[in-house]
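K.L.:
Sharing entry_38.cif below, mmCIF, C-alpha atoms:
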```cif
data_final
loop_
_atom_site.label_atom_id
_atom_site.label_comp_id
_atom_site.auth_asym_id
_atom_site.auth_seq_id
_atom_site.Cartn_x
_atom_site.Cartn_y
_atom_site.Cartn_z
CA MET H 1 179.79 55.30 57.08
CA LYS H 2 181.71 55.21 60.35
CA ILE H 3 180.02 56.72 63.44
CA ASN H 4 182.07 58.15 66.28
CA ARG H 5 181.27 56.38 69.56
CA THR H 6 181.69 59.66 71.51
CA SER H 7 179.01 61.34 69.38
CA LEU H 8 176.56 58.58 70.20
CA LEU H 9 177.09 59.17 73.89
CA ILE H 10 176.79 62.96 73.65
CA LEU H 11 173.57 63.05 71.59
CA PRO H 12 171.38 61.34 74.24
CA LEU H 13 172.84 63.59 76.89
CA ILE H 14 171.97 66.69 74.89
CA SER H 15 168.45 65.38 74.30
CA THR H 16 168.08 64.71 78.02
CA LEU H 17 169.24 68.21 78.89
CA ILE H 18 166.85 69.75 76.37
CA LEU H 19 163.89 67.75 77.70
CA SER H 20 164.90 68.57 81.22
CA ALA H 21 165.06 72.24 80.37
CA CYS H 22 161.58 72.06 78.77
CA ASP H 23 160.15 70.29 81.82
CA SER H 24 161.75 72.84 84.09
CA GLY H 25 160.23 75.69 82.11
CA GLN H 26 156.83 74.03 82.20
CA ALA H 27 157.12 73.51 85.96
CA ASP H 28 158.05 77.13 86.47
CA GLN H 29 155.03 78.14 84.43
CA ASN H 30 152.72 75.87 86.50
CA THR H 31 154.15 77.28 89.73
CA GLU H 32 153.41 80.80 88.53
CA GLN H 33 149.81 79.83 87.69
CA VAL H 34 149.29 78.32 91.13
CA ALA H 35 150.51 81.44 92.84
CA ILE H 36 147.89 83.71 91.20
CA TYR H 37 144.75 84.30 93.30
CA ARG H 38 142.49 87.14 94.39
CA SER H 39 141.97 88.24 97.97
CA ALA H 40 140.52 91.10 100.00
CA VAL H 41 140.42 92.19 103.62
CA PHE H 42 137.12 91.87 105.49
CA GLN H 43 135.99 92.68 109.00
CA ALA H 44 132.86 91.92 110.98
CA GLU H 45 130.64 95.00 110.80
CA PRO H 46 127.03 95.90 111.68
CA GLN H 47 124.83 94.51 108.93
CA VAL H 48 121.44 95.88 107.92
CA LYS H 49 118.94 94.12 105.69
CA SER H 50 116.36 96.23 103.87
CA HIS H 51 112.93 94.66 103.35
CA ARG H 52 111.00 96.10 100.40
CA ILE H 53 107.30 95.78 101.13
CA SER H 54 104.30 96.96 99.12
CA ALA H 55 101.35 98.77 100.66
CA PHE H 56 98.14 100.32 99.38
CA VAL H 57 97.10 103.85 100.27
CA GLU H 58 93.70 104.44 101.84
CA PRO H 59 91.95 107.44 103.44
CA THR H 60 92.64 108.11 107.11
CA ASP H 61 88.95 108.86 107.59
CA ASN H 62 87.01 105.95 106.15
CA ALA H 63 83.45 105.42 107.37
CA PHE H 64 80.47 103.21 106.61
CA LEU H 65 77.47 105.51 107.15
CA SER H 66 74.01 104.44 108.27
CA PHE H 67 70.77 105.87 109.66
CA GLN H 68 69.99 105.52 113.37
CA VAL H 69 66.30 105.00 112.57
CA SER H 70 64.52 102.70 110.17
CA GLY H 71 62.54 103.98 107.21
CA THR H 72 62.27 104.22 103.44
CA ILE H 73 64.81 106.15 101.39
CA ASN H 74 63.01 109.00 99.70
CA LYS H 75 65.92 111.09 98.40
CA GLN H 76 69.53 110.56 97.32
CA HIS H 77 71.63 113.72 97.28
CA ILE H 78 74.96 112.30 96.06
CA PHE H 79 76.52 109.80 93.61
CA ILE H 80 79.69 107.68 93.56
CA GLY H 81 82.79 109.83 93.06
CA ASP H 82 81.24 113.03 94.39
CA VAL H 83 83.36 115.14 96.72
CA VAL H 84 81.24 116.35 99.64
CA GLU H 85 81.96 118.86 102.37
CA ASN H 86 81.43 118.36 106.08
CA ASP H 87 77.68 118.32 107.03
CA ALA H 88 76.61 118.08 103.37
CA PRO H 89 73.30 116.16 102.89
CA LEU H 90 73.74 112.61 101.59
CA PHE H 91 70.45 110.69 101.96
CA SER H 92 67.05 111.26 103.54
CA ILE H 93 64.47 108.71 104.65
CA LYS H 94 60.81 108.80 105.57
CA ASN H 95 59.51 107.30 108.81
CA PRO H 96 55.72 107.86 109.18
CA SER H 97 55.76 107.30 112.94
CA LEU H 98 58.19 110.04 113.91
CA GLY H 99 56.22 113.13 112.83
CA PRO H 100 52.98 112.25 114.69
CA LYS H 101 54.92 111.50 117.90
CA ILE H 102 56.45 114.95 117.86
CA LYS H 103 53.05 116.55 117.33
CA GLN H 104 51.53 114.45 120.13
CA PHE H 105 54.20 115.39 122.67
CA ASP H 106 54.02 119.02 121.64
CA ALA H 107 50.23 119.08 122.11
CA GLU H 108 50.45 117.46 125.54
CA ILE H 109 53.07 119.96 126.67
CA LYS H 110 50.89 122.84 125.53
CA ALA H 111 47.94 121.41 127.46
CA ILE H 112 50.05 121.07 130.61
CA ASN H 113 51.30 124.65 130.23
CA ALA H 114 47.69 125.84 130.08
CA THR H 115 46.78 123.84 133.21
CA LEU H 116 49.88 125.13 135.01
CA ALA H 117 48.86 128.70 134.20
CA GLN H 118 45.40 128.11 135.72
CA ASN H 119 46.93 126.42 138.77
CA ARG H 120 49.34 129.27 139.37
CA ALA H 121 46.47 131.77 139.29
CA GLU H 122 44.39 129.61 141.66
CA LEU H 123 47.39 129.08 143.92
CA ASN H 124 48.00 132.82 144.18
CA ARG H 125 44.31 133.37 145.03
CA LEU H 126 44.38 130.71 147.78
CA ILE H 127 47.54 132.16 149.25
CA ASP H 128 45.79 135.53 149.59
CA LEU H 129 42.72 133.86 151.15
CA LYS H 130 44.87 131.92 153.56
CA LYS H 131 46.07 135.16 155.06
CA SER H 132 42.51 135.78 156.28
CA ASN H 133 41.98 132.10 157.12
CA ALA H 134 39.29 131.90 154.41
CA VAL H 135 40.69 128.57 153.12
CA SER H 136 42.25 125.62 154.88
CA GLN H 137 45.91 124.67 154.73
CA ASN H 138 44.87 121.31 153.23
CA ASP H 139 43.33 123.00 150.19
CA LEU H 140 46.47 125.04 149.71
CA ASP H 141 48.75 121.99 150.00
CA ARG H 142 46.58 119.98 147.61
CA LEU H 143 46.89 122.66 144.93
CA LYS H 144 50.66 122.89 145.45
CA ASN H 145 51.04 119.12 145.04
CA GLN H 146 48.94 119.19 141.89
CA ASN H 147 51.13 121.96 140.48
CA ASN H 148 54.31 120.01 141.27
CA ASN H 149 52.93 116.87 139.60
CA LEU H 150 52.14 118.86 136.46
CA LEU H 151 55.68 120.25 136.38
CA ALA H 152 57.14 116.74 136.69
CA LYS H 153 54.89 115.45 133.91
CA LYS H 154 55.92 118.37 131.73
CA GLU H 155 59.61 117.56 132.24
CA GLY H 156 58.96 113.95 131.20
CA LEU H 157 57.14 115.05 128.06
CA MET H 158 59.93 117.51 127.21
CA ALA H 159 62.48 114.67 127.40
CA GLN H 160 60.34 112.47 125.14
CA LEU H 161 59.87 115.36 122.71
CA SER H 162 63.62 115.95 122.59
CA GLU H 163 64.25 112.28 121.89
CA ALA H 164 61.60 112.18 119.17
CA GLN H 165 63.04 115.35 117.61
CA SER H 166 66.55 113.78 117.63
CA LEU H 167 65.23 110.70 115.90
CA PHE H 168 63.44 112.87 113.36
CA ASN H 169 66.70 114.71 112.67
CA GLU H 170 68.28 111.32 111.95
CA THR H 171 66.07 111.01 108.89
CA LEU H 172 68.65 113.22 107.10
CA LEU H 173 72.11 111.67 106.73
CA THR H 174 74.94 114.22 106.50
CA ALA H 175 78.70 113.88 105.89
CA PRO H 176 80.73 113.64 109.13
CA PHE H 177 83.83 114.92 107.32
CA ARG H 178 85.03 116.15 103.95
CA GLY H 179 85.49 113.20 101.61
CA THR H 180 84.70 111.25 98.47
CA VAL H 181 81.72 108.97 98.01
CA ALA H 182 83.36 105.57 97.52
CA GLU H 183 80.36 103.19 97.55
CA ILE H 184 76.57 103.40 97.63
CA TYR H 185 74.67 100.34 98.84
CA LYS H 186 71.03 101.53 98.80
CA GLU H 187 68.77 103.41 96.40
CA PRO H 188 65.63 105.56 96.80
CA GLY H 189 62.54 103.48 97.51
CA GLU H 190 64.39 100.81 99.49
CA THR H 191 63.54 100.18 103.14
CA ILE H 192 66.46 100.10 105.55
CA ALA H 193 66.86 99.08 109.17
CA SER H 194 68.49 101.12 111.89
CA GLY H 195 72.30 100.81 111.68
CA GLU H 196 72.29 99.21 108.22
CA PRO H 197 75.20 100.59 106.09
CA ILE H 198 73.98 102.72 103.22
CA MET H 199 77.26 104.12 101.82
CA LEU H 200 81.04 104.35 102.25
CA LEU H 201 82.67 107.76 102.59
CA GLY H 202 86.44 108.14 102.24
CA GLY H 203 88.30 111.19 103.49
CA ILE H 204 90.50 113.20 101.12
CA ASP H 205 92.43 115.41 103.54
CA SER H 206 94.83 112.74 104.84
CA LEU H 207 96.09 109.32 103.75
CA GLU H 208 97.54 106.27 105.45
CA ALA H 209 98.85 102.86 104.42
CA PRO H 210 98.54 99.72 106.58
CA VAL H 211 101.20 97.00 106.32
CA TYR H 212 101.38 93.60 108.01
CA LEU H 213 104.76 92.52 109.35
CA THR H 214 106.38 89.60 111.10
CA SER H 215 107.25 89.91 114.77
CA GLN H 216 110.99 90.33 114.12
CA LEU H 217 110.30 93.42 112.01
CA GLN H 218 107.44 94.82 114.09
CA LYS H 219 109.28 94.74 117.42
CA LYS H 220 112.03 97.00 116.05
CA LEU H 221 109.64 99.76 114.94
CA HIS H 222 108.22 102.61 117.00
CA ILE H 223 105.65 105.37 116.59
CA GLY H 224 107.08 108.44 114.86
CA GLN H 225 109.86 106.50 113.11
CA ILE H 226 110.65 107.76 109.58
CA ILE H 227 110.87 105.16 106.79
CA ASN H 228 111.99 105.56 103.19
CA ALA H 229 109.39 104.84 100.50
CA GLN H 230 108.84 105.00 96.73
CA TYR H 231 105.86 105.96 94.61
CA ALA H 232 105.88 106.20 90.81
CA ASN H 233 109.71 106.30 90.73
CA GLN H 234 109.75 109.06 93.34
CA ASP H 235 111.50 108.76 96.69
CA PHE H 236 109.75 110.13 99.77
CA THR H 237 109.34 109.30 103.45
CA VAL H 238 106.47 108.06 105.60
CA SER H 239 106.14 108.01 109.38
CA ILE H 240 104.76 105.29 111.62
CA LYS H 241 101.53 106.38 113.33
CA GLU H 242 100.30 103.09 114.82
CA VAL H 243 101.98 99.82 115.83
CA SER H 244 99.86 96.85 116.85
CA HIS H 245 101.20 94.76 119.73
CA ALA H 246 98.88 91.84 119.05
CA ALA H 247 99.19 89.59 116.01
CA ASN H 248 96.29 88.64 113.81
CA PRO H 249 95.22 85.19 115.05
CA LYS H 250 95.02 83.78 111.51
CA SER H 251 98.08 85.28 109.81
CA GLN H 252 100.22 85.86 112.92
CA LEU H 253 101.24 89.21 111.41
CA PHE H 254 101.30 92.58 113.17
CA LYS H 255 99.52 95.61 111.71
CA VAL H 256 101.55 98.81 111.33
CA VAL H 257 99.88 101.98 110.01
CA LEU H 258 101.94 104.55 108.09
CA ASP H 259 101.11 108.24 107.72
CA VAL H 260 101.39 109.09 103.99
CA PRO H 261 101.97 112.71 102.84
CA MET H 262 99.49 114.34 100.47
CA SER H 263 102.13 116.28 98.53
CA LEU H 264 102.71 113.62 95.83
CA GLY H 265 99.10 113.63 94.68
CA MET H 266 98.41 110.02 95.61
CA LYS H 267 94.85 108.72 95.69
CA SER H 268 93.18 105.99 97.65
CA GLY H 269 94.00 102.53 96.27
CA GLU H 270 97.39 103.41 94.79
CA GLN H 271 100.44 101.27 95.61
CA ILE H 272 103.60 102.40 97.34
CA PHE H 273 106.74 100.53 98.41
CA ILE H 274 108.44 100.96 101.76
CA ASN H 275 111.92 99.93 102.87
CA ILE H 276 112.05 98.61 106.42
CA PRO H 277 115.58 98.14 107.82
CA GLU H 278 116.37 95.09 109.93
CA GLN H 279 119.46 95.22 112.15
CA LEU H 280 121.19 91.85 111.79
CA GLY H 281 124.12 92.36 114.17
CA ASN H 282 127.88 92.16 113.49
CA HIS H 283 128.80 89.68 110.76
CA TYR H 284 131.27 89.23 107.91
CA ALA H 285 129.83 90.14 104.49
CA LEU H 286 131.75 88.06 101.93
CA PRO H 287 131.29 87.56 98.18
CA VAL H 288 129.65 84.25 97.35
CA SER H 289 132.79 83.18 95.46
CA ALA H 290 134.81 83.26 98.70
CA ILE H 291 132.82 80.43 100.32
CA ILE H 292 133.62 76.78 99.58
CA ASP H 293 130.68 74.48 100.17
CA ASP H 294 130.46 71.02 98.64
CA GLY H 295 127.21 70.21 100.39
CA ILE H 296 128.85 67.45 102.44
CA ASN H 297 131.47 69.05 104.64
CA LYS H 298 131.12 72.21 106.65
CA PRO H 299 131.47 75.33 104.49
CA TYR H 300 134.77 77.16 104.88
CA ILE H 301 136.92 79.97 103.55
CA LEU H 302 140.64 80.29 102.91
CA VAL H 303 142.37 82.96 104.96
CA ILE H 304 145.92 84.21 104.35
CA ASP H 305 147.78 84.84 107.59
CA ASN H 306 151.54 85.43 107.73
CA LYS H 307 151.96 84.27 104.10
CA GLN H 308 150.25 80.98 104.89
CA VAL H 309 146.90 79.62 103.76
CA THR H 310 144.53 78.73 106.62
CA GLN H 311 141.16 76.98 106.36
CA VAL H 312 138.48 78.62 108.51
CA TYR H 313 135.02 77.11 108.90
CA VAL H 314 132.07 79.49 108.67
CA LYS H 315 128.41 79.52 109.58
CA ILE H 316 126.33 80.77 106.68
CA LEU H 317 123.49 83.08 107.73
CA HIS H 318 121.84 84.36 104.53
CA LEU H 319 122.35 86.36 101.36
CA ASN H 320 122.09 90.13 101.68
CA ASN H 321 122.73 92.62 98.85
CA GLN H 322 124.59 90.02 96.76
CA GLN H 323 126.89 89.22 99.69
CA MET H 324 126.81 86.22 101.98
CA LEU H 325 126.64 87.02 105.68
CA VAL H 326 128.70 84.57 107.73
CA ASP H 327 130.08 84.04 111.22
CA LEU H 328 133.49 82.46 111.70
CA ASP H 329 133.96 79.22 113.61
CA THR H 330 133.65 80.23 117.27
CA SER H 331 136.69 78.14 118.16
CA MET H 332 138.81 80.56 116.15
CA GLY H 333 137.94 83.42 118.47
CA ASN H 334 137.59 87.01 117.32
CA LEU H 335 139.92 87.32 114.34
CA GLY H 336 139.04 90.93 113.53
CA ALA H 337 140.20 91.95 110.06
CA ILE H 338 141.11 88.94 107.90
CA GLN H 339 142.48 88.52 104.37
CA VAL H 340 140.09 86.18 102.54
CA VAL H 341 140.81 84.45 99.24
CA THR H 342 137.92 85.32 96.94
CA GLU H 343 139.09 83.61 93.71
CA GLY H 344 141.62 80.90 92.83
CA GLN H 345 140.97 78.71 95.89
CA SER H 346 141.25 75.55 93.76
CA HIS H 347 144.98 76.18 93.33
CA LEU H 348 145.61 76.64 97.06
CA THR H 349 145.68 74.22 99.96
CA ALA H 350 145.53 74.71 103.70
CA GLY H 351 149.00 75.12 105.19
CA GLN H 352 150.55 76.24 101.91
CA SER H 353 153.09 79.06 102.06
CA ILE H 354 152.57 81.61 99.31
CA ASN H 355 154.12 84.75 97.93
CA PRO H 356 151.68 87.65 98.51
CA SER H 357 153.25 89.54 95.57
CA ASN H 358 151.38 87.22 93.22
CA SER H 359 148.04 88.15 94.78
CA ARG H 360 145.62 90.24 92.80
CA SER H 361 143.47 92.46 94.95
CA ASN H 362 139.78 92.42 94.23
CA PRO H 363 138.68 95.39 92.20
#
```
Using structure tokens, write down the structure that the file contains.
P.N.:
Amino acid sequence: MKINRTSLLILPLISTLILSACDSGQADQNTEQVAIYRSAVFQAEPQVKSHRISAFVEPTDNAFLSFQVSGTINKQHIFIGDVVENDAPLFSIKNPSLGPKIKQFDAEIKAINATLAQNRAELNRLIDLKKSNAVSQNDLDRLKNQNNNLLAKKEGLMAQLSEAQSLFNETLLTAPFRGTVAEIYKEPGETIASGEPIMLLGGIDSLEAPVYLTSQLQKKLHIGQIINAQYANQDFTVSIKEVSHAANPKSQLFKVVLDVPMSLGMKSGEQIFINIPEQLGNHYALPVSAIIDDGINKPYILVIDNKQVTQVYVKILHLNNQQMLVDLDTSMGNLGAIQVVTEGQSHLTAGQSINPSNSRSNP
């Protein structure tokens, strides 16, 4: 078989053109892939971080009660869980020395009153006799002085009687406010000392919740401020009633007391959650995918400006609401609104000119 020389020359050329056309098509396809990226416009805005903190509700009025005199408990009027009204009897004690003292002072006062009555009668008689010079002025003055001394002694005994009566009244312990008996530490028959706690009474007319915060949160709060809170999947608000300006020496935390409303039916010991806002200043809030950080070089982002890719270094602050708060490199100045590449950075390089029509905006 005879082969035409011209055919041999044309066949390689055709093959070359076909391969070239395939390579060109592949290159066009690669170029199209490189051009696809996602971007969005961001601007530095005031950022707020919400701190979710748990707190436990407790009565506003919460008191450890004790007797002001020593003695032996002879009667218990209440039990744990009882709701008592103001001035309701709680415990009574017996102190054998208080009753006799009251009787002694009372008897001495009665004796002085009898002596004073005699002295007044004698003094009136001497005054009448003095008009006729039947008695001396010395006798009259002596009786007046005696009468004054008796009056002074009576006043002293009255003060001691009042004190003894007050101590005797302390043998009955009453509720200083309306509340619930939370704890009982002593039982009838036990001897207690003056000031020794005998029970814990918790108020039921108002509630509060103490929380302990760092200085950066505490210094931005003020009395009367309203804060959002949650209880049993219900949203409500609490107000700040106290703010400590001295940290606990051990924990270095500041105590803040919240006024809790009674309307939700909460009880002492139940848990609530509060949301305390922290103003972080003006920063860019970018998706995590927009930041390139290999752990070696400074982290940066790719910014599109005038159809050109620019590399901008950033300072990472922290994560807030699934977004990374960053500041731009200060040498760049205030860029304002910027178009940031959020996906597809691996196909772009700094200084590259791109066609924005191939950009896909973030949903």
K.L.:
What do you get, as a list in words, if you spell out every residue that the PyMOL selection byres ((chain H and resi 113) around 12) selects here?
P.N.:
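Against this file, the PyMOL selection byres ((chain H and resi 113) around 12) returns the residues Asp106, Ala107, Glu108, Ile109, Lys110, Ala111, Ile112, Ala114, Thr115, Leu116, Ala117, Gln118, Asn119, Arg120, Asn147, Leu150, Leu151, Ala152, Lys153, Lys154, Glu155, Leu157 and Met158 of chain H.
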K.L.:
Write the residues you've just listed into a file as a PDB file, in the coordinates of the input, and include C-alpha atoms for each of them.
P.N.:
```
ATOM      1  CA  ASP H 106      54.020 119.020 121.640  1.00  0.00           C
ATOM      2  CA  ALA H 107      50.230 119.080 122.110  1.00  0.00           C
ATOM      3  CA  GLU H 108      50.450 117.460 125.540  1.00  0.00           C
ATOM      4  CA  ILE H 109      53.070 119.960 126.670  1.00  0.00           C
ATOM      5  CA  LYS H 110      50.890 122.840 125.530  1.00  0.00           C
ATOM      6  CA  ALA H 111      47.940 121.410 127.460  1.00  0.00           C
ATOM      7  CA  ILE H 112      50.050 121.070 130.610  1.00  0.00           C
ATOM      8  CA  ALA H 114      47.690 125.840 130.080  1.00  0.00           C
ATOM      9  CA  THR H 115      46.780 123.840 133.210  1.00  0.00           C
ATOM     10  CA  LEU H 116      49.880 125.130 135.010  1.00  0.00           C
ATOM     11  CA  ALA H 117      48.860 128.700 134.200  1.00  0.00           C
ATOM     12  CA  GLN H 118      45.400 128.110 135.720  1.00  0.00           C
ATOM     13  CA  ASN H 119      46.930 126.420 138.770  1.00  0.00           C
ATOM     14  CA  ARG H 120      49.340 129.270 139.370  1.00  0.00           C
ATOM     15  CA  ASN H 147      51.130 121.960 140.480  1.00  0.00           C
ATOM     16  CA  LEU H 150      52.140 118.860 136.460  1.00  0.00           C
ATOM     17  CA  LEU H 151      55.680 120.250 136.380  1.00  0.00           C
ATOM     18  CA  ALA H 152      57.140 116.740 136.690  1.00  0.00           C
ATOM     19  CA  LYS H 153      54.890 115.450 133.910  1.00  0.00           C
ATOM     20  CA  LYS H 154      55.920 118.370 131.730  1.00  0.00           C
ATOM     21  CA  GLU H 155      59.610 117.560 132.240  1.00  0.00           C
ATOM     22  CA  LEU H 157      57.140 115.050 128.060  1.00  0.00           C
ATOM     23  CA  MET H 158      59.930 117.510 127.210  1.00  0.00           C
TER      24      MET H 158
END
```
K.L.:
Do you know which residues the PyMOL selection byres ((chain H and resi 39) around 6) returns on this file, as a list in words?
P.N.:
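For this structure, the PyMOL selection byres ((chain H and resi 39) around 6) captures Arg38, Ala40, Val340, Val341, Thr342 and Ser361 of chain H.
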K.L.:
How would the residues just picked look written out with C-alpha atoms as a PDB file, in the coordinates of the input?
P.N.:
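Generated output (selection00.pdb):
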```
ATOM      1  CA  ARG H  38     142.490  87.140  94.390  1.00  0.00           C
ATOM      2  CA  ALA H  40     140.520  91.100 100.000  1.00  0.00           C
ATOM      3  CA  VAL H 340     140.090  86.180 102.540  1.00  0.00           C
ATOM      4  CA  VAL H 341     140.810  84.450  99.240  1.00  0.00           C
ATOM      5  CA  THR H 342     137.920  85.320  96.940  1.00  0.00           C
ATOM      6  CA  SER H 361     143.470  92.460  94.950  1.00  0.00           C
TER       7      SER H 361
END
```
K.L.:
How many Å lie between atom CA of Asp327 of chain H and atom CA of Thr214 of chain H, rounded to one decimal?
P.N.:
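Atom CA of Thr214 of chain H lies at a distance of 24.3 Å from atom CA of Asp327 of chain H.
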K.L.:
Axis-aligned box over every listed atom of segment 59-70 of chain H, padded by 8 Å per side: centre and edges in Å to one decimal, as JSON?
P.N.:
```
{"center_x": 78.6, "center_y": 105.8, "center_z": 108.4, "size_x": 44.1, "size_y": 22.2, "size_z": 25.9}
```
K.L.:
Identify all residues satisfying the PyMOL selection byres ((chain H and resi 304) around 9) in the given file; provide them as a CSV table (one decimal) with C-alpha atoms, keeping the file's coordinate frame.
P.N.:
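Resulting contents of result.csv:
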```
chain,number,residue,atom,x,y,z
H,39,SER,CA,142.0,88.2,98.0
H,302,LEU,CA,140.6,80.3,102.9
H,303,VAL,CA,142.4,83.0,105.0
H,305,ASP,CA,147.8,84.8,107.6
H,306,ASN,CA,151.5,85.4,107.7
H,307,LYS,CA,152.0,84.3,104.1
H,308,GLN,CA,150.2,81.0,104.9
H,309,VAL,CA,146.9,79.6,103.8
H,310,THR,CA,144.5,78.7,106.6
H,311,GLN,CA,141.2,77.0,106.4
H,338,ILE,CA,141.1,88.9,107.9
H,339,GLN,CA,142.5,88.5,104.4
H,340,VAL,CA,140.1,86.2,102.5
H,341,VAL,CA,140.8,84.4,99.2
H,354,ILE,CA,152.6,81.6,99.3
H,356,PRO,CA,151.7,87.6,98.5
```
K.L.:
Fewer than 3 positions away in the same chain doesn't count, so skip those; otherwise give me all residues within 9 Å of segment 172-177 of chain H, counting all atoms listed in the file, as a VMD selection string.
P.N.:
chain H and resid 61 63 65 to 67 84 to 93 168 to 169 201 to 203
K.L.:
Could you give me, as number ranges by chain, the residues within 7 Å of Ile301 of chain H, counting only C-alpha atoms and dropping anything in the same chain fewer than 2 positions from it?
P.N.:
H: 290-292, 303, 311-313
K.L.:
Please indicate the distance in Å from atom CA of Leu200 of chain H to atom CA of Ile53 of chain H, rounded to one decimal place.
P.N.:
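We find that atom CA of Leu200 of chain H and atom CA of Ile53 of chain H lie 27.6 Å from each other.
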K.L.:
When you count only C-alpha atoms, which of these residues is closest to Glu242 of chain H: H:Glu45, H:Thr60, H:Asn321, H:Gly344?
P.N.:
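With only C-alpha atoms as the atom set, the closest residue is H:Thr60.
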K.L.:
Would you mind telling me which residue in H:Ser353, H:Gln160, H:Gln322, H:Asn145 lies nearest to Phe105 of chain H when using only C-alpha atoms?
P.N.:
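For Phe105 of chain H, the nearest of the candidates is H:Gln160.
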K.L.:
From the set H:Met199, H:Ala246, H:Leu258, H:Ala193, which residue has the shortest atom-to-atom contact distance to Gly224 of chain H, counting only C-alpha atoms?
P.N.:
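Of H:Met199, H:Ala246, H:Leu258, H:Ala193, the one nearest Gly224 of chain H is H:Leu258, counting only C-alpha atoms.
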K.L.:
Go through H:His222, H:Ala121, H:Ile73, H:Ser263 and flag the residue nearest Pro188 of chain H, using all atoms listed in the file for the distances.
P.N.:
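Between H:His222, H:Ala121, H:Ile73, H:Ser263, the residue approaching Pro188 of chain H most closely is H:Ile73.
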K.L.:
In Å, with one decimal, what is the gap from atom CA of Glu190 of chain H to atom CA of Pro96 of chain H?
P.N.:
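If I compute the distance from atom CA of Glu190 of chain H to atom CA of Pro96 of chain H, I get 14.8 Å.
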K.L.:
Extract, using only C-alpha atoms, all DNA, RNA and protein residues at most 10 Å from Ile240 of chain H, discarding same-chain residues fewer than 5 positions from it, and format them as an mmCIF file with C-alpha atoms, in the coordinates of the input.
P.N.:
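File written: around_30.cif
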```
data_model
loop_
_atom_site.group_PDB
_atom_site.id
_atom_site.type_symbol
_atom_site.label_atom_id
_atom_site.label_comp_id
_atom_site.auth_asym_id
_atom_site.auth_seq_id
_atom_site.Cartn_x
_atom_site.Cartn_y
_atom_site.Cartn_z
ATOM 1 C CA GLU H 208 97.540 106.270 105.450
ATOM 2 C CA ALA H 209 98.850 102.860 104.420
ATOM 3 C CA PRO H 210 98.540 99.720 106.580
ATOM 4 C CA LEU H 221 109.640 99.760 114.940
ATOM 5 C CA HIS H 222 108.220 102.610 117.000
ATOM 6 C CA ILE H 223 105.650 105.370 116.590
ATOM 7 C CA GLY H 224 107.080 108.440 114.860
ATOM 8 C CA GLN H 225 109.860 106.500 113.110
ATOM 9 C CA ILE H 226 110.650 107.760 109.580
ATOM 10 C CA ILE H 227 110.870 105.160 106.790
ATOM 11 C CA VAL H 256 101.550 98.810 111.330
ATOM 12 C CA VAL H 257 99.880 101.980 110.010
ATOM 13 C CA LEU H 258 101.940 104.550 108.090
ATOM 14 C CA ASP H 259 101.110 108.240 107.720
ATOM 15 C CA VAL H 260 101.390 109.090 103.990
#
```
K.L.:
Between H:His347, H:Glu187, H:Leu161, H:Tyr212, which residue has the minimum interatomic distance to Asn248 of chain H, considering all atoms listed in the file?
P.N.:
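Ranked by minimum distance to Asn248 of chain H, first place goes to H:Tyr212.
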K.L.:
Counting only C-alpha atoms, figure out which residue out of H:Val314, H:Tyr284, H:Thr237, H:Gln137 gets nearest to Lys298 of chain H.
P.N.:
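Of the candidates, the smallest distance to Lys298 of chain H is held by H:Val314.
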